[in-house]
There are 2 protein chains.
Amino acid sequence: MSRVNREKLERTLKRRFFYTPSFEIYGGVSGLYDLGPPGCQLQNNLIQLWREHFIMEENMLQVDGSMLTPYDVLKTSGHVDKFTDWMCQNSKTGEYYRADHLIEQTLKKRLLDKNTDPHDVKNIENILVTLDGFTGSELNRIMQKYRIHDPVTNDVLGPLAAFNLMFQTKIGASGQLKAFLRPETAQGQFLNFNKLLDINQGRIPFASASIGKSFRNEISPRSGLLRVREFLMAEIEHFVDPLNKSHEKFNQVLDEEIPLLSRRSQESDESIPVRMTIGEAVKSGVVENETLGYFMARVHKFLLKVGINRNKFRFRQHLSNEMAHYATDCWDGEILTTYGWIECIGCADRAAFDLTVHSKKTGRSLTVKQKLDTPKERTEWALEVNKKLFGSKFKQKAKVIESILSNFSQDELISKHEELNKSGKFSCQINDEVVELDKSLITIKMKSTLQHVREYIPNVIEPSFGLGRIIYCIFDHCFQVRADNEARTFFSFPLQIAPIKVCIATISNNSNFPSIVKKISQILRKKEIYFKTDDSNTSIGKKYARNDELGAPFVITIDFETMKDDSVTLRERNSMKQVRGSIDDVISVIDRMTHNPEAKWENSTLQLSPIKI
Amino acid sequence: MSRVNREKLERTLKRRFFYTPSFEIYGGVSGLYDLGPPGCQLQNNLIQLWREHFIMEENMLQVDGSMLTPYDVLKTSGHVDKFTDWMCQNSKTGEYYRADHLIEQTLKKRLLDKNTDPHDVKNIENILVTLDGFTGSELNRIMQKYRIHDPVTNDVLGPLAAFNLMFQTKIGASGQLKAFLRPETAQGQFLNFNKLLDINQGRIPFASASIGKSFRNEISPRSGLLRVREFLMAEIEHFVDPLNKSHEKFNQVLDEEIPLLSRRSQESDESIPVRMTIGEAVKSGVVENETLGYFMARVHKFLLKVGINRNKFRFRQHLSNEMAHYATDCWDGEILTTYGWIECIGCADRAAFDLTVHSKKTGRSLTVKQKLDTPKERTEWALEVNKKLFGSKFKQKAKVIESILSNFSQDELISKHEELNKSGKFSCQINDEVVELDKSLITIKMKSTLQHVREYIPNVIEPSFGLGRIIYCIFDHCFQVRADNEARTFFSFPLQIAPIKVCIATISNNSNFPSIVKKISQILRKKEIYFKTDDSNTSIGKKYARNDELGAPFVITIDFETMKDDSVTLRERNSMKQVRGSIDDVISVIDRMTHNPEAKWENSTLQLSPIKI
């Protein structure tokens, strides 16, 4: 789609109230948008399909967690320290810029500039590829080196500062409980791990899922619906044995062909993804394991179902400097729009990061206990606590300290053992405080045990969806211009995604029509088919055009014949074909097609009479 | 339900992970809860039914608005100044108390105390009835008069202070844009009024609706799911001509019988609601108009559909001192639980309050323009502005000032006219500033005009639902104890509300069963029937008990017969009746009953063979 058409698209979306800037009559707030009726309806349909495709298909355990999240949780998860962007300010105008976006924007312009030194061109190209993962000091170096100034005023900008992207607030009357609006739904799932495992009867693998709003206090959001401060996410946390990441249903997706742009390809300057089946991808090691592969295939199937163009999608693997602080591997599902490739889905391997940090912080075990068929003898370093002394010395803290000690690795135990032998004591960091432990409290020695149970912290594979971004991409990919008339546009939404399935239109505002409209409405309601009515005094051609802009797949037209023989015209949106039949027959066609994504217009309308236009 | 059973209920809900305190492993935060899988699924079902019952039935225009809301919007709506509770602190312990709750709790105890003066008893009873609407100074007076102290320590408490209940945050890098988390979804609908009216082709009445989370920073929330800081609401804003509050479909609900506790009854110390049809209620003036009555009837129907006990519901009209700052009349839909009568729904007449204040503040007209069939001549005071001078004097502000002037009432115009005649000028409050206007800028005179259009700000009837509270009430009303065994409990959820429709249980963990489970699973998935599987090594009796606690209406049992002839047992939850038939026939029964709320077990299972237990 061209940029001209992008403007046309966004005008149409606003005029038909798919969305609007929030608080527009107050001047709006950048990065905040409201969905109007058709946008909202489309979002409902997308959520419904997502639930069927993912939650129902895998019997996932859905959780609806709190958005308000206390400081401690997000400090532990790493978000307080690492969920930041680098920004700089123009001290004259007061304007803030996000450093990486500013560098990208400025350097892209330099690339187009014929006067740029060819040596610089190569450097700039390298920078642009890897920019996403740069640290503050690297960004600073580039700002200096390439003399990157305010793009509007050309003023020199102030020094870079880290800006935490979470919205802060306080809970309760005293105002002492610091909290944030969640930056992701995932934490709420991790914290409930034990309960989820319990209702899954202690078995693994299983997945939990959440659908809900998350928040990100963007520095200076532009690019409309694609960069917002409040957004709808759907996240899956699939908990899996770290020693076995195979997937029971992997053979069902083996042949799904997917465009992959691997880390290695990107490092060799490739930008065209390789199409291969997910079976090959896992076999050849491009995708690390079956579980990750299974979800990538399922994500791909889902996107095609909801209206994403097969040729405008790719999975791109994160470069090693680009990953979030919790991830060990990540493939982004990216969709091509007029704004470029947009990250809409992240399939990350979070390993045991989150469960481990929360367990350490709270002293609560977050593990799977697997009964071993044959017990295993194991000789290893072990730490024993003198419970009595320990309890009386540390009181309520005893439990947390014990839990942290119990998480010591073999290497840590060896070094602490030496310290204990040498100086009779060792010290240990417990959250914010240093605790000293001596021989009377602690014994460390080699010990043989017969293990009947294997206890481990599971790994997490996380497919995370930005539903709001996917909605924009659906708009982008489904926006069409009629071949014979540039001014006439329509949305080719798949039937299950279309906000309104059918419009009941009258050929005029004749006073006999309202009772027919009412009759048809009642039937549609009973069948749970969303519809709208257009009984205004407008030409039928204009009504069709209006309807195309809403993307309703069908129009039922009531005319003077209807009064005589109960027949109506049924018009299909993409082909503009029309057929004629009784009200009941026409509604049957709509009903069948709406509930069956595979149904074809030609086959479904065999019993109705075609109309030549 | 007894208090003993309340504890049993809440233990069951937590054990089966219907819900849990959020961040429990971190010690939790009072007033924040997560829904686990069955709670979440029940919530999904409730939302789905709500959308069908309200949005679809009336073709309401759904809006999904931002939760983050700038200060200005909520200052204008009155929430910054009036969305407060009165609190007081124990300066020794640091504990905060909500004054009205503390008074209620203390005075209720005094009523039970035999030593309380009979004269006080009467006074206390009066206070308790009208407490909801008391001002800060009234609450203070009662605290003093009845010497109300800290209920735990008996310390004297500090003075009352108003506490705003909105969570505050800041938007953007500069931190200069103050914002709140929305206290209701309504404002997002009001601000979009013009766009909604436009896509409704300028016609009125119509309704918009929003489903989403809102926030309330409760002072010291107790009573579990009923008083929370983050909650799911569903709100309808029905825009209507203030001169005509009839409702097109009122005759469809005429005979709906509803328990009403009117303001007048409460003022005469009545506490038992009067059952009458909504037709009578509107005719006799108990309920003010058809639109309000229509929605009250629809609300009633909805609650019965989702599992609320008909005998534990009432509509109670607000006393005149009890209403929110924006309301002119309000009926609360209250549900009886072990916590007493709980306000779950408010049906408020917000009149033109919100649209008027937002229009005044922004200078944007939020009106309906109705074409008159016969133009009307009207002579009235009119204000004219010298556009040229006005524009050059006030620049960007000109528009706002003009809009405020154009909203002057006839009385205001008369008084300003006198001022202008007397002193040649008048002054006028424009937001935070006072502007002086003289004869060169303004003319005020009587004028006759022929009006072709009637322009008015519509009134708003608002049915507002606390879905989270309704969910708790469904739990409360559906929790049942088996007649023959006190230890056995079940949830008698209506089919459409039940989180899981069917459980597939195996009689043992025989290795031939998993393939049959898989086969049944696939059929259920295709029919979009939510199910779970219990193939653990537990007795079938225990599986039935577990299933009852989840409230799944059906269990399909696979046993050794199934391997031979494909037959399974179908068990119904409430009656514990069992029938036998082929897998296909049994699933047909479930499918039909799930999609048809009226279907009866007896009629639906005629073709299956009953089993005697």
# chains A, B, ... in the order shown; residues from 1 in each chain; ligands from 1
>>> residues_around(residues="stretch 600-602 of chain A", least_positions_apart="5", cutoff="10 Å", atoms="only C-alpha atoms", output="number ranges by chain")
A: 572, 575, 577, 589-590, 593
>>> interface_residues(of="chain B", to="chain A", cutoff="8 Å", atoms="only C-alpha atoms", output="number ranges by chain")
B: 16-17, 22-26, 29, 32-37, 40-41, 52, 56-57, 59, 61-68, 70, 72-73, 96, 163, 167-174, 188, 191-192, 195, 199, 217-220, 230, 362, 364, 525, 528, 530, 532
>>> closest_residue(among="A:Glu270, A:Glu256, A:Glu322, A:Glu412", to="A:Gly133", atoms="only C-alpha atoms")
A:Glu322
>>> select_by_dssp(residues="stretch 419-580 of chain B", states="alpha helix (DSSP H)", output="compact mmCIF listing (two decimals) with N, CA, C and O atoms, in the first residue's frame")
# COMPACT_ATOMS: atom_id res chain seq x y z
N GLU B 419 -26.38 45.22 33.15
CA GLU B 419 -25.01 45.64 33.49
C GLU B 419 -24.40 46.47 32.36
O GLU B 419 -23.77 47.49 32.58
N LEU B 420 -24.59 45.96 31.15
CA LEU B 420 -24.04 46.63 29.96
C LEU B 420 -24.64 48.01 29.82
O LEU B 420 -23.94 48.98 29.49
N ASN B 421 -25.96 48.14 30.05
CA ASN B 421 -26.64 49.43 29.98
C ASN B 421 -26.12 50.38 31.05
O ASN B 421 -25.94 51.57 30.80
N LYS B 422 -25.90 49.82 32.25
CA LYS B 422 -25.51 50.65 33.39
C LYS B 422 -24.06 51.11 33.27
O LYS B 422 -23.76 52.30 33.27
N SER B 423 -23.14 50.14 33.13
CA SER B 423 -21.72 50.51 33.22
C SER B 423 -20.97 50.35 31.91
O SER B 423 -19.77 50.53 31.84
N LEU B 467 -19.41 -5.80 37.33
CA LEU B 467 -19.44 -7.22 36.96
C LEU B 467 -18.74 -8.10 38.00
O LEU B 467 -19.16 -9.22 38.27
N GLY B 468 -17.67 -7.58 38.59
CA GLY B 468 -16.95 -8.34 39.61
C GLY B 468 -17.85 -8.66 40.80
O GLY B 468 -17.84 -9.78 41.33
N ARG B 469 -18.63 -7.69 41.23
CA ARG B 469 -19.55 -7.92 42.34
C ARG B 469 -20.63 -8.92 41.96
O ARG B 469 -21.02 -9.77 42.76
N ILE B 470 -21.14 -8.79 40.73
CA ILE B 470 -22.16 -9.74 40.28
C ILE B 470 -21.58 -11.15 40.28
O ILE B 470 -22.25 -12.11 40.69
N ILE B 471 -20.32 -11.28 39.88
CA ILE B 471 -19.69 -12.61 39.89
C ILE B 471 -19.67 -13.18 41.30
O ILE B 471 -20.03 -14.33 41.53
N TYR B 472 -19.31 -12.34 42.28
CA TYR B 472 -19.30 -12.85 43.66
C TYR B 472 -20.71 -13.29 44.08
O TYR B 472 -20.89 -14.32 44.72
N CYS B 473 -21.71 -12.50 43.70
CA CYS B 473 -23.09 -12.85 44.07
C CYS B 473 -23.54 -14.14 43.40
O CYS B 473 -24.30 -14.92 43.98
N ILE B 474 -23.08 -14.37 42.17
CA ILE B 474 -23.40 -15.64 41.50
C ILE B 474 -22.80 -16.79 42.30
O ILE B 474 -23.46 -17.80 42.56
N PHE B 475 -21.53 -16.64 42.70
CA PHE B 475 -20.92 -17.67 43.55
C PHE B 475 -21.79 -17.92 44.78
O PHE B 475 -22.12 -19.05 45.12
N ASP B 476 -22.16 -16.83 45.45
CA ASP B 476 -22.91 -16.91 46.69
C ASP B 476 -24.25 -17.62 46.48
O ASP B 476 -24.63 -18.52 47.23
N HIS B 477 -24.97 -17.23 45.43
CA HIS B 477 -26.32 -17.78 45.22
C HIS B 477 -26.30 -19.20 44.67
O HIS B 477 -27.26 -19.93 44.82
N CYS B 478 -25.23 -19.56 43.98
CA CYS B 478 -25.19 -20.89 43.36
C CYS B 478 -24.51 -21.94 44.23
O CYS B 478 -24.46 -23.11 43.85
N PHE B 513 -7.54 -45.60 27.67
CA PHE B 513 -8.47 -44.49 27.78
C PHE B 513 -8.00 -43.18 27.10
O PHE B 513 -8.82 -42.48 26.51
N PRO B 514 -6.68 -42.85 27.18
CA PRO B 514 -6.28 -41.56 26.61
C PRO B 514 -6.72 -41.32 25.16
O PRO B 514 -7.10 -40.20 24.80
N SER B 515 -6.73 -42.38 24.34
CA SER B 515 -7.12 -42.16 22.94
C SER B 515 -8.61 -41.83 22.85
O SER B 515 -9.04 -41.07 21.98
N ILE B 516 -9.42 -42.39 23.77
CA ILE B 516 -10.85 -42.07 23.77
C ILE B 516 -11.05 -40.64 24.26
O ILE B 516 -11.86 -39.87 23.70
N VAL B 517 -10.29 -40.26 25.29
CA VAL B 517 -10.35 -38.88 25.79
C VAL B 517 -10.05 -37.91 24.65
O VAL B 517 -10.75 -36.91 24.45
N LYS B 518 -9.02 -38.24 23.89
CA LYS B 518 -8.59 -37.37 22.79
C LYS B 518 -9.70 -37.22 21.75
O LYS B 518 -9.97 -36.13 21.27
N LYS B 519 -10.33 -38.35 21.43
CA LYS B 519 -11.40 -38.34 20.44
C LYS B 519 -12.55 -37.43 20.90
O LYS B 519 -13.04 -36.58 20.14
N ILE B 520 -12.96 -37.60 22.16
CA ILE B 520 -14.06 -36.78 22.68
C ILE B 520 -13.65 -35.30 22.73
O ILE B 520 -14.42 -34.41 22.36
N SER B 521 -12.40 -35.06 23.14
CA SER B 521 -11.90 -33.68 23.20
C SER B 521 -12.04 -32.99 21.85
O SER B 521 -12.47 -31.83 21.76
N GLN B 522 -11.64 -33.70 20.81
CA GLN B 522 -11.68 -33.08 19.48
C GLN B 522 -13.10 -32.70 19.07
O GLN B 522 -13.32 -31.64 18.49
N ILE B 523 -14.06 -33.57 19.39
CA ILE B 523 -15.44 -33.26 19.04
C ILE B 523 -15.92 -32.03 19.83
O ILE B 523 -16.53 -31.11 19.28
N LEU B 524 -15.61 -32.00 21.12
CA LEU B 524 -16.06 -30.87 21.96
C LEU B 524 -15.44 -29.56 21.47
O LEU B 524 -16.11 -28.53 21.41
N ARG B 525 -14.15 -29.60 21.13
CA ARG B 525 -13.47 -28.40 20.65
C ARG B 525 -14.14 -27.86 19.38
O ARG B 525 -14.35 -26.67 19.24
N LYS B 526 -14.46 -28.78 18.48
CA LYS B 526 -15.10 -28.39 17.24
C LYS B 526 -16.43 -27.69 17.50
O LYS B 526 -16.81 -26.77 16.80
N ILE B 540 -13.96 -42.61 40.79
CA ILE B 540 -14.90 -41.82 40.01
C ILE B 540 -15.77 -40.95 40.93
O ILE B 540 -16.12 -39.82 40.59
N GLY B 541 -16.03 -41.45 42.13
CA GLY B 541 -16.82 -40.65 43.09
C GLY B 541 -16.10 -39.36 43.43
O GLY B 541 -16.70 -38.29 43.46
N LYS B 542 -14.81 -39.47 43.67
CA LYS B 542 -14.01 -38.31 43.99
C LYS B 542 -13.96 -37.35 42.79
O LYS B 542 -13.98 -36.14 42.95
N LYS B 543 -13.90 -37.92 41.60
CA LYS B 543 -13.88 -37.08 40.40
C LYS B 543 -15.20 -36.30 40.27
O LYS B 543 -15.19 -35.13 39.91
N TYR B 544 -16.31 -36.98 40.56
CA TYR B 544 -17.60 -36.27 40.51
C TYR B 544 -17.62 -35.13 41.54
O TYR B 544 -18.09 -34.02 41.25
N ALA B 545 -17.08 -35.42 42.72
CA ALA B 545 -17.08 -34.40 43.77
C ALA B 545 -16.24 -33.19 43.35
O ALA B 545 -16.64 -32.04 43.52
N ARG B 546 -15.05 -33.46 42.81
CA ARG B 546 -14.18 -32.39 42.35
C ARG B 546 -14.87 -31.54 41.30
O ARG B 546 -14.76 -30.33 41.25
N ASN B 547 -15.57 -32.25 40.42
CA ASN B 547 -16.25 -31.60 39.32
C ASN B 547 -17.40 -30.73 39.82
O ASN B 547 -17.61 -29.62 39.33
N ASP B 548 -18.12 -31.21 40.82
CA ASP B 548 -19.21 -30.43 41.41
C ASP B 548 -18.69 -29.12 41.99
O ASP B 548 -19.35 -28.09 41.91
N GLU B 549 -17.52 -29.17 42.58
CA GLU B 549 -16.93 -27.96 43.16
C GLU B 549 -16.57 -26.94 42.10
O GLU B 549 -16.42 -25.76 42.39
N LEU B 550 -16.37 -27.40 40.87
CA LEU B 550 -16.11 -26.47 39.76
C LEU B 550 -17.41 -26.01 39.12
O LEU B 550 -17.43 -25.06 38.35
N PHE B 560 -14.85 -49.34 31.00
CA PHE B 560 -14.41 -50.46 30.17
C PHE B 560 -15.42 -50.81 29.08
O PHE B 560 -15.07 -51.30 28.02
N GLU B 561 -16.71 -50.51 29.35
CA GLU B 561 -17.73 -50.70 28.30
C GLU B 561 -17.42 -49.84 27.07
O GLU B 561 -17.66 -50.26 25.95
N THR B 562 -16.91 -48.62 27.34
CA THR B 562 -16.66 -47.69 26.24
C THR B 562 -15.75 -48.31 25.19
O THR B 562 -15.92 -48.10 23.98
N MET B 563 -14.75 -49.09 25.67
CA MET B 563 -13.81 -49.72 24.74
C MET B 563 -14.51 -50.71 23.83
O MET B 563 -14.11 -50.92 22.69
N LYS B 564 -15.60 -51.31 24.36
CA LYS B 564 -16.32 -52.30 23.55
C LYS B 564 -17.31 -51.67 22.59
O LYS B 564 -17.32 -51.94 21.40
N ASP B 565 -18.17 -50.78 23.14
CA ASP B 565 -19.31 -50.35 22.31
C ASP B 565 -19.42 -48.83 22.15
O ASP B 565 -20.44 -48.32 21.71
>>> closest_residue(among="B:Ser588, B:Thr356, B:Gln410, B:Gln607", to="B:Thr379", atoms="only C-alpha atoms")
B:Gln410
>>> residues_around(residues="B:Leu254", least_positions_apart="3", cutoff="9 Å", atoms="only C-alpha atoms", output="JSON, numbers by chain")
{"B": [250, 251, 257, 277, 278, 279, 280, 293, 294, 297]}
>>> residues_around(residues="A:Arg482", least_positions_apart="4", cutoff="12 Å", atoms="only C-alpha atoms", output="VMD selection string")
chain A and resid 486 to 492 545 548 to 549 573 to 576
>>> write_last_selection(atoms="C-alpha atoms", output="tab-separated table (two decimals), in the first residue's frame")
chain	number	residue	atom	x	y	z
A	486	GLU	CA	-10.00	5.02	-6.99
A	487	ALA	CA	-12.43	6.83	-4.72
A	488	ARG	CA	-14.23	3.64	-3.70
A	489	THR	CA	-12.50	1.66	-0.98
A	490	PHE	CA	-13.41	-1.35	1.10
A	491	PHE	CA	-12.05	-3.57	3.87
A	492	SER	CA	-11.73	-7.21	2.85
A	545	ALA	CA	-20.27	2.29	-0.49
A	548	ASP	CA	-17.85	-1.34	2.12
A	549	GLU	CA	-16.00	1.20	4.21
A	573	ARG	CA	-18.61	-7.16	-0.49
A	574	ASN	CA	-15.42	-8.32	-2.26
A	575	SER	CA	-16.93	-9.46	-5.55
A	576	MET	CA	-19.93	-7.08	-5.42
>>> atom_distance(atom1="atom CA of A:Asn386", atom2="atom CA of A:Ser415")
19.8 Å
>>> select_by_dssp(residues="stretch 146-314 of chain B", states="strand (DSSP E)", output="ChimeraX atom specification")
/B:161-164,168-171,177-181,206-215,230-240,257-261,274-277,313-314
>>> residues_around(residues="stretch 447-463 of chain B", least_positions_apart="5", cutoff="6 Å", atoms="only C-alpha atoms", output="tab-separated table (two decimals) with C-alpha atoms, in the first residue's frame")
chain	number	residue	atom	x	y	z
B	236	ILE	CA	-24.46	1.86	29.24
B	237	GLU	CA	-25.02	5.53	28.43
B	238	HIS	CA	-28.43	5.87	26.84
B	239	PHE	CA	-28.82	9.31	25.26
B	240	VAL	CA	-32.38	10.55	25.15
B	241	ASP	CA	-34.44	13.65	24.38
B	242	PRO	CA	-35.12	15.33	27.76
B	346	GLY	CA	-26.81	1.56	39.46
B	347	CYS	CA	-29.52	2.87	37.14
B	348	ALA	CA	-28.91	6.62	37.28
B	349	ASP	CA	-30.45	9.55	35.49
B	350	ARG	CA	-27.40	11.75	34.86
B	351	ALA	CA	-29.63	14.32	33.08
B	352	ALA	CA	-27.47	16.65	30.92
B	367	THR	CA	-25.88	18.72	21.16
B	368	VAL	CA	-28.51	17.07	19.04
B	369	LYS	CA	-29.90	19.09	16.15
B	370	GLN	CA	-33.46	18.11	15.41
B	371	LYS	CA	-35.04	19.40	12.22
B	372	LEU	CA	-38.47	20.85	13.00
B	375	PRO	CA	-40.42	26.18	11.90
B	376	LYS	CA	-41.17	28.02	15.13
B	377	GLU	CA	-41.01	31.74	15.69
B	378	ARG	CA	-39.32	32.59	18.91
B	379	THR	CA	-38.66	35.97	20.51
B	380	GLU	CA	-35.99	36.01	23.14
